[in-house]
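Visitor: entry.csv is reproduced below (CSV, C-alpha atoms).
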```csv
chain,number,residue,atom,x,y,z
A,1,MET,CA,165.0,-106.6,82.4
A,2,LYS,CA,163.0,-109.4,84.1
A,3,SER,CA,161.6,-108.5,87.5
A,4,ARG,CA,160.0,-110.1,90.5
A,5,ARG,CA,156.7,-108.3,91.4
A,6,ALA,CA,154.0,-107.9,93.9
A,7,ILE,CA,150.9,-107.1,91.9
A,8,PHE,CA,147.8,-105.7,93.6
A,9,THR,CA,144.4,-105.3,92.0
A,10,THR,CA,142.4,-102.4,93.4
A,11,ALA,CA,139.4,-100.3,92.5
A,12,PRO,CA,137.6,-98.0,94.9
A,13,LYS,CA,134.5,-98.4,92.7
A,14,GLY,CA,133.0,-101.9,92.4
A,15,GLY,CA,132.0,-103.6,89.2
A,16,VAL,CA,134.9,-102.3,87.0
A,17,GLY,CA,136.7,-105.6,86.7
A,18,LYS,CA,139.1,-105.8,89.6
A,19,THR,CA,138.7,-109.5,90.3
A,20,TYR,CA,138.3,-110.2,86.5
A,21,LEU,CA,141.9,-108.8,86.1
A,22,ALA,CA,143.2,-111.0,89.0
A,23,LYS,CA,141.7,-114.1,87.4
A,24,LEU,CA,143.1,-113.2,84.0
A,25,LEU,CA,146.6,-112.6,85.3
A,26,TYR,CA,146.4,-115.7,87.5
A,27,ASP,CA,145.8,-117.8,84.3
A,28,LEU,CA,148.2,-116.0,82.0
A,29,LEU,CA,151.3,-115.6,84.1
A,30,PRO,CA,152.0,-119.3,84.5
A,31,MET,CA,151.5,-119.8,80.8
A,32,ASN,CA,154.5,-117.5,80.4
A,33,HIS,CA,156.6,-119.6,82.9
A,34,ARG,CA,156.0,-117.2,85.8
A,35,ALA,CA,155.6,-118.9,89.3
A,36,VAL,CA,152.6,-117.1,90.9
A,37,SER,CA,151.5,-117.0,94.6
A,38,ALA,CA,148.0,-115.7,94.6
A,39,TRP,CA,146.0,-114.2,97.5
A,40,ASP,CA,142.4,-113.1,98.1
A,41,LEU,CA,142.3,-110.7,101.0
A,42,ASP,CA,138.5,-111.3,101.4
A,43,ALA,CA,139.0,-114.6,103.2
A,44,ALA,CA,137.8,-117.9,101.7
A,45,THR,CA,134.5,-116.4,100.5
A,46,GLY,CA,136.1,-114.0,98.1
A,47,THR,CA,135.3,-114.2,94.4
A,48,PHE,CA,139.0,-114.8,93.6
A,49,ALA,CA,139.5,-117.4,96.2
A,50,ILE,CA,136.7,-119.6,94.9
A,51,TYR,CA,138.3,-119.5,91.4
A,52,ASP,CA,140.9,-122.0,92.4
A,53,GLU,CA,141.7,-123.9,95.6
A,54,ALA,CA,145.4,-122.9,95.4
A,55,ILE,CA,144.6,-119.3,96.0
A,56,LYS,CA,145.5,-118.3,99.5
A,57,THR,CA,143.3,-116.2,101.7
A,58,PHE,CA,143.6,-113.6,104.5
A,59,ASP,CA,140.7,-113.1,106.9
A,60,LEU,CA,140.4,-109.4,107.7
A,61,ASN,CA,137.9,-110.1,110.5
A,62,SER,CA,140.4,-112.3,112.4
A,63,GLY,CA,143.2,-109.8,111.8
A,64,HIS,CA,145.8,-112.6,111.3
A,65,SER,CA,146.8,-115.4,109.1
A,66,SER,CA,149.1,-118.4,109.4
A,67,SER,CA,151.0,-117.0,106.5
A,68,SER,CA,150.8,-113.7,104.7
A,69,TRP,CA,151.3,-112.3,101.2
A,70,LEU,CA,154.3,-110.3,102.5
A,71,ASP,CA,156.0,-113.6,103.6
A,72,ASP,CA,155.6,-114.8,100.0
A,73,CYS,CA,157.4,-111.7,98.7
A,74,TYR,CA,160.6,-113.2,100.3
A,75,ARG,CA,160.2,-116.5,98.6
A,76,GLU,CA,162.9,-116.8,95.9
A,77,GLU,CA,160.9,-119.4,93.9
A,78,VAL,CA,158.0,-117.1,93.5
A,79,ASP,CA,158.1,-114.7,90.5
A,80,ASP,CA,154.9,-112.8,91.1
A,81,VAL,CA,152.8,-112.4,94.2
A,82,LEU,CA,149.3,-111.6,93.0
A,83,VAL,CA,146.9,-110.0,95.5
A,84,ASP,CA,143.2,-109.2,95.0
A,85,VAL,CA,142.3,-106.5,97.5
A,86,PRO,CA,138.8,-106.8,99.1
A,87,GLY,CA,136.5,-104.1,97.7
A,88,GLY,CA,139.6,-102.5,96.1
A,89,ARG,CA,140.1,-100.6,99.3
A,90,ILE,CA,143.7,-99.5,100.0
A,91,ASP,CA,142.7,-99.3,103.7
A,92,ASP,CA,142.0,-103.0,103.8
A,93,LEU,CA,145.3,-103.8,102.1
A,94,LEU,CA,147.0,-101.8,104.8
A,95,ARG,CA,145.2,-103.8,107.5
A,96,THR,CA,146.8,-107.0,106.2
A,97,PHE,CA,150.1,-105.3,106.3
A,98,GLY,CA,149.8,-104.0,109.9
A,99,ASP,CA,150.7,-100.4,109.2
A,100,ASP,CA,148.5,-97.6,107.9
A,101,ASN,CA,151.3,-95.9,106.0
A,102,VAL,CA,151.3,-96.4,102.2
A,103,GLY,CA,154.9,-95.5,101.9
A,104,ALA,CA,155.9,-98.1,104.5
A,105,LEU,CA,153.8,-100.7,102.6
A,106,VAL,CA,155.6,-100.0,99.3
A,107,SER,CA,159.0,-100.0,101.0
A,108,ALA,CA,158.3,-103.4,102.6
A,109,VAL,CA,157.7,-104.9,99.2
A,110,THR,CA,160.7,-103.3,97.5
A,111,ASP,CA,162.9,-104.3,100.5
A,112,ALA,CA,162.0,-107.9,99.5
A,113,GLY,CA,163.5,-107.3,96.1
A,114,ARG,CA,160.2,-106.8,94.3
A,115,GLU,CA,158.5,-104.2,92.1
A,116,PHE,CA,155.3,-102.9,93.7
A,117,VAL,CA,152.6,-102.8,90.9
A,118,VAL,CA,149.1,-101.6,91.7
A,119,ILE,CA,146.4,-102.0,89.1
A,120,ASN,CA,143.2,-99.9,89.0
A,121,PRO,CA,140.6,-100.9,86.2
A,122,ILE,CA,138.1,-98.2,85.2
A,123,GLY,CA,134.9,-98.0,83.2
A,124,VAL,CA,133.6,-95.1,81.0
A,125,MET,CA,131.2,-93.5,83.5
A,126,ILE,CA,132.1,-90.7,86.0
A,127,ALA,CA,132.1,-92.8,89.2
A,128,GLU,CA,134.0,-95.6,87.4
A,129,THR,CA,136.6,-93.1,86.4
A,130,VAL,CA,137.2,-90.4,89.1
A,131,THR,CA,137.4,-92.9,92.0
A,132,ALA,CA,140.7,-94.1,90.4
A,133,GLN,CA,142.0,-90.8,91.7
A,134,VAL,CA,142.0,-92.4,95.2
A,135,THR,CA,144.6,-94.9,94.0
A,136,LEU,CA,146.6,-92.3,92.1
A,137,ASN,CA,146.8,-90.0,95.1
A,138,ALA,CA,147.5,-92.7,97.6
A,139,PHE,CA,150.6,-93.9,95.8
A,140,GLU,CA,151.9,-90.6,94.4
A,141,GLY,CA,155.4,-89.9,95.5
A,142,THR,CA,156.2,-93.6,96.2
A,143,SER,CA,158.1,-96.0,94.0
A,144,ALA,CA,154.9,-98.0,93.2
A,145,ARG,CA,154.1,-98.6,89.6
A,146,ILE,CA,150.5,-97.6,89.0
A,147,VAL,CA,148.7,-99.1,86.0
A,148,ILE,CA,145.3,-97.7,85.0
A,149,VAL,CA,143.4,-100.3,82.9
A,150,LYS,CA,140.6,-99.3,80.6
A,151,ASN,CA,138.3,-102.2,80.8
A,152,GLY,CA,137.1,-103.1,77.3
A,153,ARG,CA,133.9,-104.4,78.7
A,154,PHE,CA,132.7,-100.8,78.7
A,155,GLY,CA,133.7,-99.8,75.2
A,156,SER,CA,136.6,-99.2,72.8
A,157,ALA,CA,139.8,-97.4,73.8
A,158,ASP,CA,138.4,-94.1,72.5
A,159,ASP,CA,135.2,-94.3,74.6
A,160,PHE,CA,136.9,-93.3,77.9
A,161,VAL,CA,136.4,-89.6,77.4
A,162,ILE,CA,135.9,-88.8,81.1
A,163,TYR,CA,139.4,-90.2,81.7
A,164,ASP,CA,141.1,-88.9,78.5
A,165,GLY,CA,139.2,-85.7,78.1
A,166,ILE,CA,137.6,-84.4,75.0
A,167,ASP,CA,137.8,-81.2,72.9
A,168,ASP,CA,134.4,-79.5,72.7
A,169,SER,CA,134.1,-76.4,70.6
A,170,GLY,CA,137.6,-75.4,71.2
A,171,ARG,CA,137.7,-76.1,74.9
A,172,ARG,CA,138.9,-79.1,76.9
A,173,ARG,CA,136.3,-81.0,79.0
A,174,TYR,CA,136.8,-83.8,81.5
A,175,GLY,CA,140.1,-85.6,81.6
A,176,ALA,CA,141.1,-84.8,85.2
A,177,THR,CA,141.8,-88.4,86.1
A,178,GLY,CA,143.9,-89.0,83.0
A,179,ALA,CA,145.8,-85.8,83.7
A,180,LEU,CA,146.5,-86.9,87.2
A,181,ALA,CA,147.7,-90.3,86.0
A,182,GLU,CA,150.2,-88.6,83.7
A,183,ARG,CA,151.3,-86.3,86.4
A,184,VAL,CA,152.2,-89.1,88.8
A,185,GLY,CA,153.8,-91.2,86.1
A,186,ALA,CA,151.1,-93.9,85.9
A,187,GLU,CA,150.8,-96.2,82.9
A,188,THR,CA,147.5,-96.5,81.0
A,189,ILE,CA,146.6,-99.6,79.0
A,190,PHE,CA,143.4,-100.8,77.2
A,191,LEU,CA,142.4,-104.3,77.9
A,192,PRO,CA,139.9,-105.9,75.5
A,193,CYS,CA,137.2,-108.0,77.1
A,194,LEU,CA,135.9,-111.5,76.4
A,195,ALA,CA,132.6,-111.4,74.6
A,196,PRO,CA,129.8,-111.0,77.2
A,197,ARG,CA,128.0,-114.2,76.1
A,198,LEU,CA,131.1,-116.3,76.3
A,199,LEU,CA,132.1,-114.7,79.6
A,200,ALA,CA,128.7,-115.6,81.0
A,201,GLN,CA,129.2,-119.2,79.8
A,202,LEU,CA,132.5,-119.4,81.5
A,203,ASP,CA,131.0,-118.2,84.8
A,204,ALA,CA,128.0,-120.6,84.5
A,205,GLU,CA,130.3,-123.5,83.7
A,206,GLN,CA,132.8,-122.4,86.4
A,207,LEU,CA,135.6,-122.5,83.8
A,208,ARG,CA,138.9,-120.7,84.2
A,209,PHE,CA,140.1,-118.7,81.2
A,210,VAL,CA,142.9,-121.2,80.6
A,211,SER,CA,140.6,-124.2,80.8
A,212,ALA,CA,138.1,-122.6,78.4
A,213,SER,CA,140.8,-122.4,75.7
A,214,GLY,CA,141.7,-126.1,76.0
A,215,SER,CA,139.9,-129.5,75.9
A,216,SER,CA,137.5,-128.6,78.7
A,217,GLY,CA,136.4,-125.6,76.7
A,218,VAL,CA,135.8,-127.7,73.6
A,219,GLU,CA,133.7,-130.1,75.6
A,220,ARG,CA,131.6,-127.5,77.4
A,221,LEU,CA,131.6,-124.5,75.1
A,222,GLY,CA,132.0,-126.1,71.7
A,223,ARG,CA,135.0,-125.7,69.4
A,224,LEU,CA,134.1,-122.2,68.4
A,225,GLY,CA,133.8,-121.0,72.0
A,226,ALA,CA,137.1,-122.6,72.9
A,227,ALA,CA,138.8,-121.0,69.9
A,228,ARG,CA,137.4,-117.6,70.8
A,229,ALA,CA,138.6,-118.0,74.4
A,230,LYS,CA,142.1,-118.9,73.1
A,231,MET,CA,142.1,-115.9,70.8
A,232,TYR,CA,141.1,-113.7,73.7
A,233,LEU,CA,144.0,-114.8,75.8
A,234,THR,CA,146.3,-113.9,73.0
A,235,SER,CA,144.8,-110.4,72.7
A,236,ALA,CA,145.0,-109.9,76.5
A,237,ALA,CA,148.6,-110.9,76.6
A,238,GLU,CA,149.3,-108.4,73.8
A,239,ALA,CA,147.6,-105.7,75.8
A,240,PHE,CA,149.9,-106.3,78.8
A,241,ARG,CA,153.1,-106.4,76.6
A,242,GLY,CA,155.6,-103.7,77.3
A,243,SER,CA,153.9,-102.5,80.5
A,244,SER,CA,154.6,-103.2,84.2
A,245,LEU,CA,152.1,-106.1,83.8
A,246,ASP,CA,154.2,-107.7,81.0
A,247,LEU,CA,153.5,-111.5,81.3
A,248,ALA,CA,157.2,-112.3,80.8
A,249,GLY,CA,158.1,-110.1,83.6
A,250,ALA,CA,160.0,-107.6,81.4
A,251,ILE,CA,159.7,-104.4,83.3
A,252,PRO,CA,160.0,-101.1,81.3
A,253,LEU,CA,161.8,-98.1,82.5
A,254,ARG,CA,159.8,-96.3,85.1
A,255,LYS,CA,157.8,-93.4,83.6
A,256,ALA,CA,158.8,-90.1,85.3
A,257,ALA,CA,156.1,-88.0,86.9
A,258,SER,CA,155.5,-84.8,85.0
```
Let me see the file written as C-alpha coordinates.

Guide:
Amino acid sequence: MKSRRAIFTTAPKGGVGKTYLAKLLYDLLPMNHRAVSAWDLDAATGTFAIYDEAIKTFDLNSGHSSSSWLDDCYREEVDDVLVDVPGGRIDDLLRTFGDDNVGALVSAVTDAGREFVVINPIGVMIAETVTAQVTLNAFEGTSARIVIVKNGRFGSADDFVIYDGIDDSGRRRYGATGALAERVGAETIFLPCLAPRLLAQLDAEQLRFVSASGSSGVERLGRLGAARAKMYLTSAAEAFRGSSLDLAGAIPLRKAAS
(Lines of atoms letter the chains of each structure in order from A and count residues from 1; the text may use other names and numbers.)
(Lines give C-alpha, C1' and ligand atoms only; values in the text may rest on other atoms or scores of the structure.)
Protein backbone atom coordinates (compact mmCIF):
# COMPACT_ATOMS: atom_id res chain seq x y z
CA MET A 1 0.00 0.00 0.00
CA LYS A 2 1.11 3.57 -0.63
CA SER A 3 1.61 5.61 2.49
CA ARG A 4 2.20 9.15 3.67
CA ARG A 5 5.31 9.41 5.80
CA ALA A 6 7.34 11.61 8.09
CA ILE A 7 10.97 10.58 7.56
CA PHE A 8 13.67 11.58 10.06
CA THR A 9 17.40 11.18 9.45
CA THR A 10 19.27 10.67 12.72
CA ALA A 11 22.69 9.44 13.80
CA PRO A 12 24.13 9.95 17.29
CA LYS A 13 27.59 9.58 15.71
CA GLY A 14 28.64 12.27 13.24
CA GLY A 15 30.18 11.57 9.85
CA VAL A 16 28.18 8.44 9.00
CA GLY A 17 26.06 10.01 6.25
CA LYS A 18 22.95 11.41 7.93
CA THR A 19 22.66 14.54 5.79
CA TYR A 20 23.92 12.62 2.74
CA LEU A 21 20.82 10.43 3.10
CA ALA A 22 18.56 13.46 3.49
CA LYS A 23 19.96 15.01 0.32
CA LEU A 24 19.60 11.76 -1.61
CA LEU A 25 15.99 11.22 -0.58
CA TYR A 26 15.16 14.87 -1.24
CA ASP A 27 16.28 14.38 -4.85
CA LEU A 28 14.91 10.88 -5.44
CA LEU A 29 11.42 11.13 -3.95
CA PRO A 30 10.14 13.86 -6.35
CA MET A 31 11.55 11.85 -9.25
CA ASN A 32 9.07 9.18 -8.16
CA HIS A 33 6.17 11.63 -8.09
CA ARG A 34 6.25 12.15 -4.32
CA ALA A 35 5.54 15.66 -3.03
CA VAL A 36 8.15 16.40 -0.36
CA SER A 37 8.31 19.04 2.36
CA ALA A 38 11.88 19.13 3.66
CA TRP A 39 13.20 20.53 6.93
CA ASP A 40 16.63 21.20 8.40
CA LEU A 41 16.31 21.56 12.17
CA ASP A 42 19.74 23.20 12.38
CA ALA A 43 18.42 26.58 11.23
CA ALA A 44 19.45 28.20 7.95
CA THR A 45 23.12 27.30 8.48
CA GLY A 46 22.55 23.55 8.35
CA THR A 47 24.23 21.50 5.65
CA PHE A 48 20.87 20.29 4.39
CA ALA A 49 19.34 23.77 4.35
CA ILE A 50 22.01 25.18 2.05
CA TYR A 51 21.41 22.31 -0.39
CA ASP A 52 18.29 24.03 -1.73
CA GLU A 53 16.50 27.24 -0.86
CA ALA A 54 13.16 25.40 -0.71
CA ILE A 55 14.25 23.47 2.39
CA LYS A 56 12.57 24.90 5.48
CA THR A 57 14.42 25.51 8.73
CA PHE A 58 13.78 25.50 12.44
CA ASP A 59 16.01 27.55 14.75
CA LEU A 60 16.60 25.55 17.91
CA ASN A 61 18.14 28.59 19.60
CA SER A 62 15.00 30.68 19.22
CA GLY A 63 12.76 27.81 20.27
CA HIS A 64 10.05 28.68 17.80
CA SER A 65 9.30 28.89 14.10
CA SER A 66 6.60 30.56 12.02
CA SER A 67 5.68 27.08 10.81
CA SER A 68 6.79 23.64 11.90
CA TRP A 69 7.43 20.24 10.41
CA LEU A 70 4.49 18.88 12.42
CA ASP A 71 2.15 21.36 10.73
CA ASP A 72 3.31 19.97 7.38
CA CYS A 73 2.31 16.47 8.52
CA TYR A 74 -1.31 17.63 8.29
CA ARG A 75 -0.98 18.98 4.75
CA GLU A 76 -2.87 16.65 2.44
CA GLU A 77 -0.87 17.68 -0.63
CA VAL A 78 2.42 16.54 0.96
CA ASP A 79 3.34 12.87 0.55
CA ASP A 80 6.54 12.86 2.61
CA VAL A 81 7.80 15.23 5.29
CA LEU A 82 11.61 14.84 5.33
CA VAL A 83 13.43 16.08 8.44
CA ASP A 84 17.20 16.26 8.95
CA VAL A 85 17.78 16.20 12.71
CA PRO A 86 20.67 18.43 13.91
CA GLY A 87 23.60 16.32 15.01
CA GLY A 88 21.31 13.32 14.77
CA ARG A 89 20.21 13.97 18.35
CA ILE A 90 16.75 12.73 19.26
CA ASP A 91 16.72 15.24 22.14
CA ASP A 92 16.95 18.07 19.61
CA LEU A 93 14.11 16.59 17.58
CA LEU A 94 12.01 16.52 20.73
CA ARG A 95 12.84 20.19 21.35
CA THR A 96 11.19 21.13 18.07
CA PHE A 97 8.16 19.07 19.07
CA GLY A 98 7.77 20.68 22.48
CA ASP A 99 7.52 17.43 24.45
CA ASP A 100 10.37 15.27 25.70
CA ASN A 101 8.40 12.04 25.32
CA VAL A 102 9.33 9.88 22.33
CA GLY A 103 6.04 8.02 22.44
CA ALA A 104 4.10 11.28 22.26
CA LEU A 105 6.22 12.37 19.31
CA VAL A 106 5.47 9.21 17.35
CA SER A 107 1.78 9.41 18.24
CA ALA A 108 1.58 13.03 17.05
CA VAL A 109 2.86 11.98 13.63
CA THR A 110 0.65 8.91 13.34
CA ASP A 111 -2.38 10.95 14.46
CA ALA A 112 -1.73 13.08 11.37
CA GLY A 113 -2.19 9.95 9.26
CA ARG A 114 1.50 9.35 8.60
CA GLU A 115 3.98 6.56 9.12
CA PHE A 116 6.83 7.60 11.39
CA VAL A 117 10.10 6.46 9.76
CA VAL A 118 13.45 7.08 11.46
CA ILE A 119 16.69 6.38 9.58
CA ASN A 120 20.06 5.78 11.25
CA PRO A 121 23.07 5.32 8.92
CA ILE A 122 26.11 3.47 10.26
CA GLY A 123 29.72 2.85 9.32
CA VAL A 124 31.90 -0.19 9.99
CA MET A 125 33.77 1.01 13.10
CA ILE A 126 32.68 0.51 16.71
CA ALA A 127 31.54 4.07 17.46
CA GLU A 128 29.80 4.30 14.09
CA THR A 129 27.88 1.14 14.89
CA VAL A 130 27.05 0.93 18.60
CA THR A 131 25.74 4.50 18.84
CA ALA A 132 22.84 3.36 16.64
CA GLN A 133 21.66 1.57 19.77
CA VAL A 134 20.58 5.00 21.07
CA THR A 135 18.05 5.26 18.24
CA LEU A 136 16.95 1.64 18.54
CA ASN A 137 16.40 1.91 22.28
CA ALA A 138 14.64 5.28 22.01
CA PHE A 139 11.97 4.04 19.60
CA GLU A 140 11.61 0.49 20.88
CA GLY A 141 8.01 -0.22 21.80
CA THR A 142 6.61 2.58 19.63
CA SER A 143 4.96 2.27 16.22
CA ALA A 144 7.96 3.95 14.57
CA ARG A 145 9.58 2.21 11.65
CA ILE A 146 13.34 2.12 12.24
CA VAL A 147 15.68 1.69 9.27
CA ILE A 148 19.38 1.07 9.85
CA VAL A 149 21.34 1.99 6.72
CA LYS A 150 24.73 0.45 6.10
CA ASN A 151 26.54 3.29 4.33
CA GLY A 152 28.45 1.86 1.38
CA ARG A 153 31.01 4.64 1.69
CA PHE A 154 32.62 2.50 4.38
CA GLY A 155 32.72 -0.83 2.57
CA SER A 156 30.65 -3.62 1.08
CA ALA A 157 27.53 -5.08 2.71
CA ASP A 158 29.65 -7.86 4.27
CA ASP A 159 32.13 -5.46 5.90
CA PHE A 160 29.79 -4.40 8.73
CA VAL A 161 30.97 -7.18 11.04
CA ILE A 162 30.52 -5.16 14.24
CA TYR A 163 26.86 -4.76 13.35
CA ASP A 164 26.24 -8.23 11.89
CA GLY A 165 28.59 -10.23 14.10
CA ILE A 166 31.13 -12.75 12.95
CA ASP A 167 31.94 -16.38 13.70
CA ASP A 168 35.46 -16.76 15.01
CA SER A 169 36.72 -20.26 15.83
CA GLY A 170 33.26 -21.50 16.62
CA ARG A 171 32.15 -18.58 18.78
CA ARG A 172 30.11 -15.53 17.88
CA ARG A 173 31.76 -12.14 18.27
CA TYR A 174 30.27 -8.64 18.00
CA GLY A 175 26.80 -8.23 16.50
CA ALA A 176 25.07 -6.67 19.53
CA THR A 177 23.65 -3.75 17.50
CA GLY A 178 22.35 -6.00 14.73
CA ALA A 179 20.79 -8.32 17.29
CA LEU A 180 19.08 -5.35 18.97
CA ALA A 181 17.79 -4.13 15.59
CA GLU A 182 16.26 -7.53 14.92
CA ARG A 183 14.77 -7.69 18.40
CA VAL A 184 12.96 -4.35 18.06
CA GLY A 185 11.79 -5.12 14.51
CA ALA A 186 14.03 -2.64 12.69
CA GLU A 187 14.87 -2.95 8.99
CA THR A 188 18.47 -3.07 7.74
CA ILE A 189 19.44 -2.06 4.20
CA PHE A 190 22.73 -1.52 2.40
CA LEU A 191 23.09 1.72 0.45
CA PRO A 192 25.84 1.89 -2.18
CA CYS A 193 27.75 5.15 -2.26
CA LEU A 194 28.69 7.45 -5.10
CA ALA A 195 32.38 7.12 -5.98
CA PRO A 196 34.36 9.40 -3.61
CA ARG A 197 36.00 11.36 -6.43
CA LEU A 198 32.65 12.06 -8.09
CA LEU A 199 31.04 12.88 -4.75
CA ALA A 200 33.81 15.40 -4.09
CA GLN A 201 33.21 16.96 -7.50
CA LEU A 202 29.50 17.32 -6.76
CA ASP A 203 30.34 19.07 -3.51
CA ALA A 204 32.89 21.37 -5.13
CA GLU A 205 30.49 22.25 -7.96
CA GLN A 206 27.56 22.57 -5.52
CA LEU A 207 25.54 20.17 -7.63
CA ARG A 208 22.54 18.22 -6.40
CA PHE A 209 22.44 14.51 -7.23
CA VAL A 210 19.57 15.01 -9.63
CA SER A 211 21.35 17.90 -11.37
CA ALA A 212 24.56 15.88 -11.69
CA SER A 213 22.72 13.24 -13.69
CA GLY A 214 21.32 15.76 -16.18
CA SER A 215 22.54 18.48 -18.51
CA SER A 216 24.24 20.42 -15.67
CA GLY A 217 26.23 17.30 -14.86
CA VAL A 218 27.33 16.88 -18.47
CA GLU A 219 28.47 20.49 -18.55
CA ARG A 220 30.37 20.46 -15.27
CA LEU A 221 31.36 16.82 -14.75
CA GLY A 222 31.61 15.59 -18.33
CA ARG A 223 29.47 12.95 -19.99
CA LEU A 224 31.08 10.07 -18.09
CA GLY A 225 30.60 11.76 -14.72
CA ALA A 226 26.96 12.54 -15.48
CA ALA A 227 26.36 8.98 -16.65
CA ARG A 228 27.87 7.60 -13.45
CA ALA A 229 25.72 9.93 -11.35
CA LYS A 230 22.62 8.70 -13.20
CA MET A 231 23.62 5.07 -12.68
CA TYR A 232 24.13 5.77 -9.00
CA LEU A 233 20.64 7.18 -8.57
CA THR A 234 19.27 3.98 -10.11
CA SER A 235 21.26 1.78 -7.72
CA ALA A 236 20.24 3.90 -4.72
CA ALA A 237 16.57 3.66 -5.71
CA GLU A 238 16.93 -0.11 -5.92
CA ALA A 239 18.44 -0.22 -2.42
CA PHE A 240 15.37 1.53 -0.99
CA ARG A 241 12.88 -0.65 -2.87
CA GLY A 242 10.66 -2.79 -0.66
CA SER A 243 11.68 -1.01 2.54
CA SER A 244 9.91 1.70 4.54
CA LEU A 245 11.97 4.14 2.43
CA ASP A 246 10.55 2.83 -0.84
CA LEU A 247 10.58 5.79 -3.23
CA ALA A 248 7.11 5.05 -4.54
CA GLY A 249 5.76 5.11 -0.99
CA ALA A 250 4.90 1.42 -1.00
CA ILE A 251 5.14 0.49 2.67
CA PRO A 252 5.83 -3.18 3.53
CA LEU A 253 4.11 -4.97 6.36
CA ARG A 254 5.68 -3.95 9.66
CA LYS A 255 8.30 -6.39 10.85
CA ALA A 256 7.36 -7.86 14.19
CA ALA A 257 9.81 -7.51 17.06
CA SER A 258 11.36 -10.79 18.07

Visitor: Which polymer residues have any atom within 12 Å of an atom of range 212-228 of chain A, counting all atoms listed in the file, with same-chain residues fewer than 4 positions away left out, as a PyMOL selection string?

Guide: chain A and resi 27-28+193-208+232-235

Visitor: In terms of the shortest atom-to-atom distance over only C-alpha atoms, which of A:Leu180, A:Met31, A:Leu41, A:Val85 is closest to Val130 in chain A?

Guide: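 Closest candidate: A:Leu180.
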
Visitor: In Å to one decimal, how far is CA of Pro12 in chain A from CA of Thr45 in chain A?

Guide: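 Atom-to-atom, CA of Thr45 in chain A and CA of Pro12 in chain A are spaced 19.5 Å apart.
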
Visitor: Quick one: residues within 12 Å of Trp69 in chain A, all atoms listed in the file, excluding same-chain residues fewer than 4 positions away - as number ranges by chain?

Guide: A: 5-8, 36-41, 55-58, 64-65, 73-75, 78, 80-85, 93-94, 96-97, 105, 108-109, 112

Visitor: Go through A:Asp52, A:Asp91, A:Glu187, A:Asp111 and flag the residue nearest Val210 in chain A, using all atoms listed in the file for the distances.

Guide: A:Asp52

Visitor: Between A:Ala54, A:Ala157, A:Ala35, A:Ala250, which one has atoms that come closest to Glu77 in chain A, using all atoms listed in the file?

Guide: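 Answer, going by the shortest atom-to-atom distance: A:Ala35.
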
Visitor: In terms of the shortest atom-to-atom distance over all atoms listed in the file, which of A:Thr110, A:Ser62, A:Ser243, A:Ser211 is closest to Val149 in chain A?

Guide: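 Residue with the minimum atom-to-atom distance to Val149 in chain A: A:Ser243.
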